[in-house]
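Data file: work14.tsv. Format and content: TSV, C-alpha atoms and all ligand atoms.
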```
chain	number	residue	atom	x	y	z
A	30	MET	CA	0.00	0.00	0.00
A	31	THR	CA	1.40	3.42	-0.93
A	32	GLY	CA	1.74	6.13	1.71
A	33	ARG	CA	-1.12	8.05	0.15
A	34	ALA	CA	-3.43	5.03	0.09
A	35	ALA	CA	-2.55	4.21	3.71
A	36	ARG	CA	-3.39	7.78	4.80
A	37	LYS	CA	-6.67	7.61	2.89
A	38	SER	CA	-7.68	4.29	4.46
A	39	ALA	CA	-6.77	5.57	7.96
A	40	ARG	CA	-9.06	8.57	7.43
A	41	LYS	CA	-12.10	6.46	6.48
A	42	PRO	CA	-13.10	5.13	9.95
A	43	ALA	CA	-12.73	8.63	11.41
A	44	THR	CA	-14.93	10.11	8.68
A	45	ARG	CA	-17.51	7.39	9.24
A	46	ALA	CA	-17.45	7.99	13.00
A	47	HIS	CA	-18.00	11.73	12.43
A	48	ARG	CA	-20.84	11.03	10.06
A	49	ASP	CA	-22.46	8.60	12.51
A	50	GLU	CA	-22.01	11.03	15.40
A	51	ALA	CA	-23.60	13.91	13.46
A	52	ALA	CA	-26.43	11.66	12.23
A	53	ALA	CA	-27.09	10.48	15.81
A	54	ARG	CA	-27.27	14.09	17.05
A	55	TYR	CA	-29.73	15.14	14.37
A	56	MET	CA	-31.92	12.07	14.68
A	57	GLN	CA	-31.92	12.38	18.47
A	58	LEU	CA	-33.39	15.88	18.07
A	59	LEU	CA	-36.13	14.59	15.78
A	60	ARG	CA	-37.00	11.72	18.15
A	61	GLU	CA	-37.09	14.06	21.14
A	62	ASP	CA	-39.48	16.28	19.15
A	63	HIS	CA	-41.71	13.26	18.55
A	64	ALA	CA	-41.68	12.34	22.25
A	65	GLY	CA	-42.77	15.91	23.18
A	66	LEU	CA	-45.38	15.94	20.43
A	67	SER	CA	-46.76	12.59	21.54
A	68	ARG	CA	-47.29	13.82	25.11
A	69	VAL	CA	-49.13	16.94	23.88
A	70	LEU	CA	-51.27	14.86	21.49
A	71	ARG	CA	-52.31	12.69	24.43
A	72	GLU	CA	-53.43	15.81	26.31
A	73	ILE	CA	-55.33	17.10	23.25
A	74	ASP	CA	-57.16	13.78	23.04
A	75	ALA	CA	-58.01	13.91	26.75
A	76	GLN	CA	-59.32	17.50	26.45
A	77	GLN	CA	-61.33	16.98	23.27
A	78	SER	CA	-63.19	14.18	25.07
A	79	VAL	CA	-64.53	16.74	27.62
A	80	LEU	CA	-64.85	19.72	25.26
A	81	GLN	CA	-68.63	19.45	25.07
A	82	SER	CA	-69.22	18.79	28.78
A	83	ALA	CA	-66.65	21.26	30.17
A	84	PRO	CA	-65.74	23.72	27.39
A	85	GLY	CA	-64.72	26.50	29.80
A	86	ALA	CA	-61.95	24.31	31.25
A	87	ALA	CA	-60.98	22.36	28.12
A	88	ARG	CA	-60.74	25.24	25.64
A	89	PRO	CA	-57.84	27.17	27.27
A	90	VAL	CA	-55.76	23.97	27.52
A	91	LEU	CA	-56.56	23.05	23.91
A	92	ALA	CA	-55.74	26.61	22.78
A	93	GLU	CA	-52.27	26.39	24.36
A	94	ALA	CA	-51.73	22.88	22.97
A	95	MET	CA	-52.58	24.03	19.43
A	96	ARG	CA	-50.32	27.07	19.83
A	97	TYR	CA	-47.48	24.79	20.92
A	98	LEU	CA	-48.04	22.61	17.84
A	99	LEU	CA	-48.06	25.60	15.50
A	100	VAL	CA	-45.12	27.43	17.11
A	101	TYR	CA	-42.80	24.48	17.63
A	102	GLN	CA	-43.89	21.28	15.91
A	103	HIS	CA	-45.20	22.70	12.65
A	104	SER	CA	-42.72	25.56	12.32
A	105	ILE	CA	-39.51	24.00	13.63
A	106	HIS	CA	-39.81	20.21	13.75
A	107	HIS	CA	-41.38	19.90	10.31
A	108	ALA	CA	-38.95	22.38	8.78
A	109	ARG	CA	-36.17	20.22	10.26
A	110	GLU	CA	-37.65	17.09	8.66
A	111	ASP	CA	-38.25	18.83	5.33
A	112	GLN	CA	-34.54	19.74	5.23
A	113	LEU	CA	-33.65	16.13	5.96
A	114	PHE	CA	-35.95	14.83	3.23
A	115	ALA	CA	-34.59	17.38	0.73
A	116	ARG	CA	-31.08	15.99	1.36
A	117	VAL	CA	-32.40	12.46	0.81
A	118	ARG	CA	-33.93	13.61	-2.47
A	119	ALA	CA	-30.51	14.65	-3.73
A	120	ARG	CA	-28.92	11.34	-2.69
A	121	GLU	CA	-31.64	8.80	-3.43
A	122	PRO	CA	-34.62	10.11	-5.42
A	123	ARG	CA	-36.44	6.75	-5.19
A	124	LEU	CA	-36.50	6.86	-1.38
A	125	TYR	CA	-37.59	10.51	-1.52
A	126	HIS	CA	-40.47	9.56	-3.82
A	127	ASN	CA	-42.09	7.81	-0.84
A	128	MET	CA	-41.15	10.64	1.54
A	129	HIS	CA	-42.93	13.19	-0.63
A	130	ARG	CA	-46.25	12.26	0.98
A	131	LEU	CA	-44.84	13.13	4.41
A	132	VAL	CA	-43.79	16.58	3.18
A	133	ARG	CA	-47.30	17.15	1.82
A	134	GLU	CA	-48.79	16.02	5.13
A	135	HIS	CA	-46.69	18.67	6.92
A	136	ARG	CA	-48.37	21.40	4.89
A	137	VAL	CA	-51.87	19.95	5.21
A	138	GLY	CA	-51.39	19.25	8.93
A	139	GLN	CA	-50.41	22.86	9.56
A	140	GLU	CA	-53.47	24.14	7.68
A	141	VAL	CA	-55.73	21.82	9.70
A	142	ALA	CA	-54.12	22.87	13.01
A	143	GLU	CA	-54.54	26.57	12.13
A	144	ARG	CA	-58.18	26.03	11.21
A	145	LEU	CA	-58.94	24.04	14.36
A	146	ALA	CA	-57.21	26.64	16.57
A	147	GLY	CA	-59.24	29.40	14.89
A	148	GLU	CA	-62.57	27.57	15.28
A	149	LEU	CA	-61.76	26.76	18.89
A	150	SER	CA	-61.19	30.42	19.75
A	151	ARG	CA	-64.15	31.79	17.75
A	152	THR	CA	-66.88	29.34	18.78
A	153	PRO	CA	-68.96	30.61	21.73
A	154	LEU	CA	-69.07	28.39	24.83
A	155	THR	CA	-72.79	27.76	24.36
A	156	GLN	CA	-72.12	26.34	20.88
A	157	LEU	CA	-69.20	24.26	22.15
A	158	ARG	CA	-71.73	22.54	24.44
A	159	GLY	CA	-73.77	21.55	21.38
A	160	LYS	CA	-73.23	20.13	17.87
A	161	ALA	CA	-70.37	22.53	17.07
A	162	GLY	CA	-68.43	21.27	20.09
A	163	GLN	CA	-69.09	17.66	19.13
A	164	ARG	CA	-67.85	18.27	15.57
A	165	LEU	CA	-64.76	20.13	16.75
A	166	ALA	CA	-63.94	17.36	19.25
A	167	GLN	CA	-64.16	14.75	16.48
A	168	GLN	CA	-61.89	16.82	14.25
A	169	LEU	CA	-59.35	17.21	17.06
A	170	HIS	CA	-59.41	13.44	17.65
A	171	GLN	CA	-58.87	12.79	13.93
A	172	TYR	CA	-56.01	15.28	13.89
A	173	VAL	CA	-54.37	13.40	16.79
A	174	GLN	CA	-54.78	10.03	15.08
A	175	LYS	CA	-53.43	11.27	11.74
A	176	THR	CA	-50.47	12.95	13.38
A	177	ARG	CA	-49.63	9.78	15.30
A	178	ASP	CA	-49.86	7.73	12.10
A	179	HIS	CA	-47.57	10.25	10.34
A	180	MET	CA	-44.97	9.99	13.12
A	181	ARG	CA	-45.08	6.18	13.10
A	182	ARG	CA	-44.39	6.07	9.34
A	183	GLU	CA	-41.53	8.53	9.72
A	184	GLU	CA	-39.89	6.57	12.49
A	185	ALA	CA	-40.53	3.10	11.06
A	186	VAL	CA	-39.09	3.70	7.60
A	187	PHE	CA	-37.88	7.17	6.73
A	188	TYR	CA	-35.66	8.08	9.64
A	189	THR	CA	-33.73	4.82	9.18
A	190	GLY	CA	-33.58	5.37	5.40
A	191	SER	CA	-32.17	8.86	5.90
A	192	GLU	CA	-29.46	7.57	8.22
A	193	ARG	CA	-28.53	4.98	5.59
A	194	VAL	CA	-28.21	7.24	2.53
A	195	LEU	CA	-26.93	10.58	3.82
A	196	ARG	CA	-23.23	11.42	3.95
A	197	ALA	CA	-21.07	13.33	6.42
A	198	SER	CA	-21.41	16.57	4.41
A	199	ASP	CA	-25.22	16.27	4.54
A	200	TRP	CA	-25.29	15.90	8.32
A	201	LYS	CA	-22.80	18.73	8.72
A	202	ALA	CA	-25.02	21.02	6.63
A	203	LEU	CA	-28.14	19.93	8.53
A	204	LEU	CA	-26.49	20.76	11.86
A	205	THR	CA	-25.32	24.20	10.71
A	206	GLY	CA	-27.03	27.18	12.34
A	207	PRO	CA	-29.26	27.45	15.39
A	208	MET	CA	-30.96	24.24	16.53
A	209	PRO	CA	-33.92	25.27	18.73
A	210	ARG	CA	-34.93	22.62	21.29
A	211	ASP	CA	-38.44	21.58	22.16
A	212	PRO	CA	-39.63	23.96	24.94
A	213	ALA	CA	-41.33	20.94	26.57
A	214	ARG	CA	-37.83	19.69	27.51
A	215	ASP	CA	-37.44	22.58	29.97
A	216	PRO	CA	-40.31	22.49	32.52
A	217	GLN	CA	-39.84	26.12	33.66
A	218	ARG	CA	-39.66	27.51	30.14
A	219	PHE	CA	-42.60	25.35	29.10
A	220	ALA	CA	-44.71	26.48	32.09
A	221	ALA	CA	-43.91	30.15	31.34
A	222	ARG	CA	-45.11	29.85	27.75
A	223	TYR	CA	-47.92	27.33	28.14
A	224	PRO	CA	-49.02	27.49	31.81
A	225	ARG	CA	-52.32	25.62	31.56
A	226	LEU	CA	-50.95	22.93	29.29
A	227	ALA	CA	-47.87	22.46	31.49
A	228	GLU	CA	-50.03	22.20	34.59
A	229	ARG	CA	-52.22	19.55	32.98
A	230	MET	CA	-49.27	17.56	31.69
A	231	SER	CA	-47.63	17.57	35.12
A	232	ARG	CA	-50.59	15.72	36.63
A	233	PRO	CA	-50.60	11.95	37.17
A	234	GLN	CA	-52.04	10.06	34.23
A	235	ARG	CA	-55.26	9.07	36.09
A	236	ASP	CA	-56.15	12.80	36.38
A	237	VAL	CA	-55.68	13.29	32.66
A	238	THR	CA	-57.78	10.37	31.51
A	239	GLY	CA	-60.44	10.59	34.25
A	240	PRO	CA	-61.65	8.12	36.89
A	241	SER	CA	-60.20	4.66	36.44
A	242	ASP	CA	-63.00	2.55	37.99
A	243	ALA	CA	-64.06	1.35	34.58
A	244	LEU	CA	-61.54	1.92	31.83
A	245	SER	CA	-63.12	3.03	28.56
A	246	GLY	CA	-61.68	2.28	25.14
A	247	THR	CA	-60.27	5.84	25.06
A	248	ASP	CA	-58.60	5.34	28.44
A	249	LEU	CA	-57.09	2.05	27.35
A	250	ARG	CA	-55.80	3.61	24.12
A	251	ALA	CA	-54.30	6.50	26.10
A	252	ARG	CA	-52.61	4.06	28.47
A	253	ALA	CA	-51.31	1.98	25.57
A	254	GLU	CA	-49.94	5.11	23.87
A	255	GLN	CA	-48.26	6.18	27.09
A	256	VAL	CA	-46.60	2.77	27.44
A	257	ALA	CA	-45.58	2.91	23.76
A	258	GLU	CA	-44.07	6.39	24.30
A	259	ARG	CA	-42.03	5.16	27.24
A	260	CYS	CA	-40.89	2.03	25.37
A	261	ALA	CA	-39.97	4.10	22.29
A	262	ALA	CA	-38.01	6.58	24.40
A	263	LEU	CA	-36.15	3.75	26.15
A	264	LEU	CA	-35.48	1.98	22.85
A	265	HIS	CA	-34.18	5.14	21.20
A	266	ARG	CA	-31.93	5.84	24.14
A	267	ALA	CA	-30.65	2.23	24.16
A	268	LEU	CA	-29.98	2.32	20.40
A	269	ASP	CA	-28.21	5.67	20.68
A	270	VAL	CA	-26.02	4.48	23.53
A	271	ALA	CA	-25.28	1.17	21.77
A	272	GLY	CA	-24.42	3.05	18.57
A	273	TRP	CA	-22.11	5.43	20.37
A	274	PHE	CA	-20.22	2.67	22.13
A	275	ALA	CA	-20.09	0.50	19.01
A	276	ARG	CA	-18.41	3.41	17.26
A	277	GLY	CA	-16.05	3.88	20.17
A	278	VAL	CA	-16.98	7.52	20.73
A	279	GLY	CA	-19.05	7.15	23.90
A	280	GLY	CA	-16.20	7.92	26.27
A	281	ARG	CA	-14.52	10.84	24.56
A	282	SER	CA	-17.31	13.10	23.45
A	283	ARG	CA	-20.70	14.31	24.52
A	284	THR	CA	-23.22	11.82	25.77
A	285	PRO	CA	-26.32	11.13	23.72
A	286	GLY	CA	-29.26	13.36	24.65
A	287	ASN	CA	-26.96	16.02	26.06
A	288	ASP	CA	-25.62	17.42	22.86
A	289	GLY	CA	-26.74	20.99	23.40
A	290	GLY	CA	-27.47	21.26	19.64
A	301	FE	FE	-43.22	14.90	9.95
A	302	FE	FE	-41.96	14.19	12.64
```
In structure tokens, how does this file's structure come out?
Amino acid sequence: MTGRAARKSARKPATRAHRDEAAARYMQLLREDHAGLSRVLREIDAQQSVLQSAPGAARPVLAEAMRYLLVYQHSIHHAREDQLFARVRAREPRLYHNMHRLVREHRVGQEVAERLAGELSRTPLTQLRGKAGQRLAQQLHQYVQKTRDHMRREEAVFYTGSERVLRASDWKALLTGPMPRDPARDPQRFAARYPRLAERMSRPQRDVTGPSDALSGTDLRARAEQVAERCAALLHRALDVAGWFARGVGGRSRTPGNDGG
């Protein structure tokens, strides 16, 4: 092997480790966003179920939850994913072809969230107790279900696909510039911006889903989603840690989940 070839081959593992480290940082951010989003979706589902019976209490929480979705998830998380998918498009157009639907869903989802937030604020309390409240509650429930389905498809196929096809230069570009974190990660900051929502989300689960004497289908779904959230968070963390140690970077750099990006 010539000196030049030897230098080139010695550089390869380091380049791969940098690429993997940058990819792990970016994907960790996206998965943390999903965890925060999932918790807020659970609260939206709990509040829509009492919108008709207790609109005076449910509406302010729902208003803050929709504002959180529009300010953080739709504006920052989806923009982050759109950038990721645009990079995939340049590297592997066939994979992007399937991602295109996700990008469209970002736009449609934002329009739906804006419309629901507007209707929620404009509809008088008396009408929320009637048919208008019932219709709005159904639409909020559908929005929650569709958003959960969207996240599942992203995590099951497209996040992994992105990690497979993107190169070090892609991850470097994606990590350039400010990387705002989900305000839900900082309880004080979250409570300052979304006080009612933060207060509700800090309660034990039985207070969110109602009395537990006889679990309804909605309660059981909420419990199952909560368990799934915890399992997903643990799995992500385990995969991140395993990946870091497999690459031999766990002991000499930042720990996963504490990247400050
Ligand atoms: Fe998305
Ligand atoms: Fe997402």
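Each residue with an atom within 9 Å of any atom of ligand FE 302 (chain A) appears in the list, which was built counting only C-alpha atoms and all ligand atoms: Leu59, Arg60, Asp62, His63, Leu66, Gln102, His106, His107, Arg109, Glu110, Leu131, His135, Thr176, His179, Met180, Arg181, Glu183 and Glu184 of chain A.
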For Arg229 of chain A, please output as a list in words all residues within 8 Å (counting only C-alpha atoms; exclusion window: fewer than 3 positions along the same chain).
Glu72, Val90, Arg225, Leu226, Arg232 and Val237 of chain A
Quick one: of A:Ala220, A:Ser78, A:Glu134, A:Ala46, who's nearest to Asp178 of chain A, counting all atoms listed in the file?
A:Glu134
Segment 160-169 of chain A, all listed atoms, 8 Å padding on each side: what axis-aligned box centre and edge lengths in Å to one decimal come out, as JSON?
```
{"center_x": -66.3, "center_y": 18.6, "center_z": 17.2, "size_x": 29.9, "size_y": 23.8, "size_z": 21.8}
```
Do you know which residues are at most 10 Å from Gln77 of chain A counting only C-alpha atoms, after dropping those on the same chain fewer than 6 positions away, and could you put them as number ranges by chain?
A: 83-84, 87-88, 90-91, 162-163, 165-170
Kindly indicate which residue among A:Met230, A:Asn127, A:Ser82, A:Arg96 lies nearest to Arg158 of chain A, using only C-alpha atoms for the distances.
A:Ser82
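Interatomic distance, atom CA of Thr205 of chain A against atom CA of Gln217 of chain A: 27.2 Å.
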Of the listed residues A:Leu124, A:Leu157, A:Leu98, A:Met56, that which approaches Leu70 of chain A most closely, counting only C-alpha atoms:
A:Leu98
Would you mind telling me which residue in A:Ala94, A:Ala221, A:Ala43, A:Leu195 lies nearest to Ala119 of chain A when using all atoms listed in the file?
A:Leu195
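Closest approach to ligand FE 301 (chain A) among A:Val100, A:Arg71, A:Ala108, A:Gly85: A:Ala108, based on all atoms listed in the file.
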Within 10 Å of Arg193 of chain A, counting all atoms listed in the file, which residues show up once you throw out same-chain ones fewer than 5 positions away? Write them as a short mmCIF file (atom, residue, chain, number, x, y, z; two decimals) with C-alpha atoms, keeping the file's coordinate frame, please.
```cif
data_model
loop_
_atom_site.label_atom_id
_atom_site.label_comp_id
_atom_site.auth_asym_id
_atom_site.auth_seq_id
_atom_site.Cartn_x
_atom_site.Cartn_y
_atom_site.Cartn_z
CA ASP A 49 -22.46 8.60 12.51
CA ALA A 52 -26.43 11.66 12.23
CA VAL A 117 -32.40 12.46 0.81
CA PHE A 187 -37.88 7.17 6.73
CA TYR A 188 -35.66 8.08 9.64
#
```
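A straight line drawn from atom CA of Ser231 of chain A to atom CA of Leu58 of chain A is 22.3 Å long.
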Find the spatial neighbours of Ala86 of chain A, counting only C-alpha atoms, within a cut-off of 10 Å - ignore same-chain residues fewer than 6 positions away - and output them as a ChimeraX atom specification.
/A:76,79-80,225
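In this model, the gap between atom CA of Leu154 of chain A and atom CA of Glu93 of chain A comes to 16.9 Å.
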For His129 of chain A, list every protein, DNA or RNA residue within 10 Å, evaluated using only C-alpha atoms, and leave out those in the same chain fewer than 3 positions away; present the list as number ranges by chain.
A: 111, 114-115, 118, 124-126, 132-134
With only C-alpha atoms and all ligand atoms as the atoms that count, which of A:Ile73, A:Met95, A:Leu149, A:Ile105 lies nearest to ligand FE 301 (chain A)?
A:Ile105
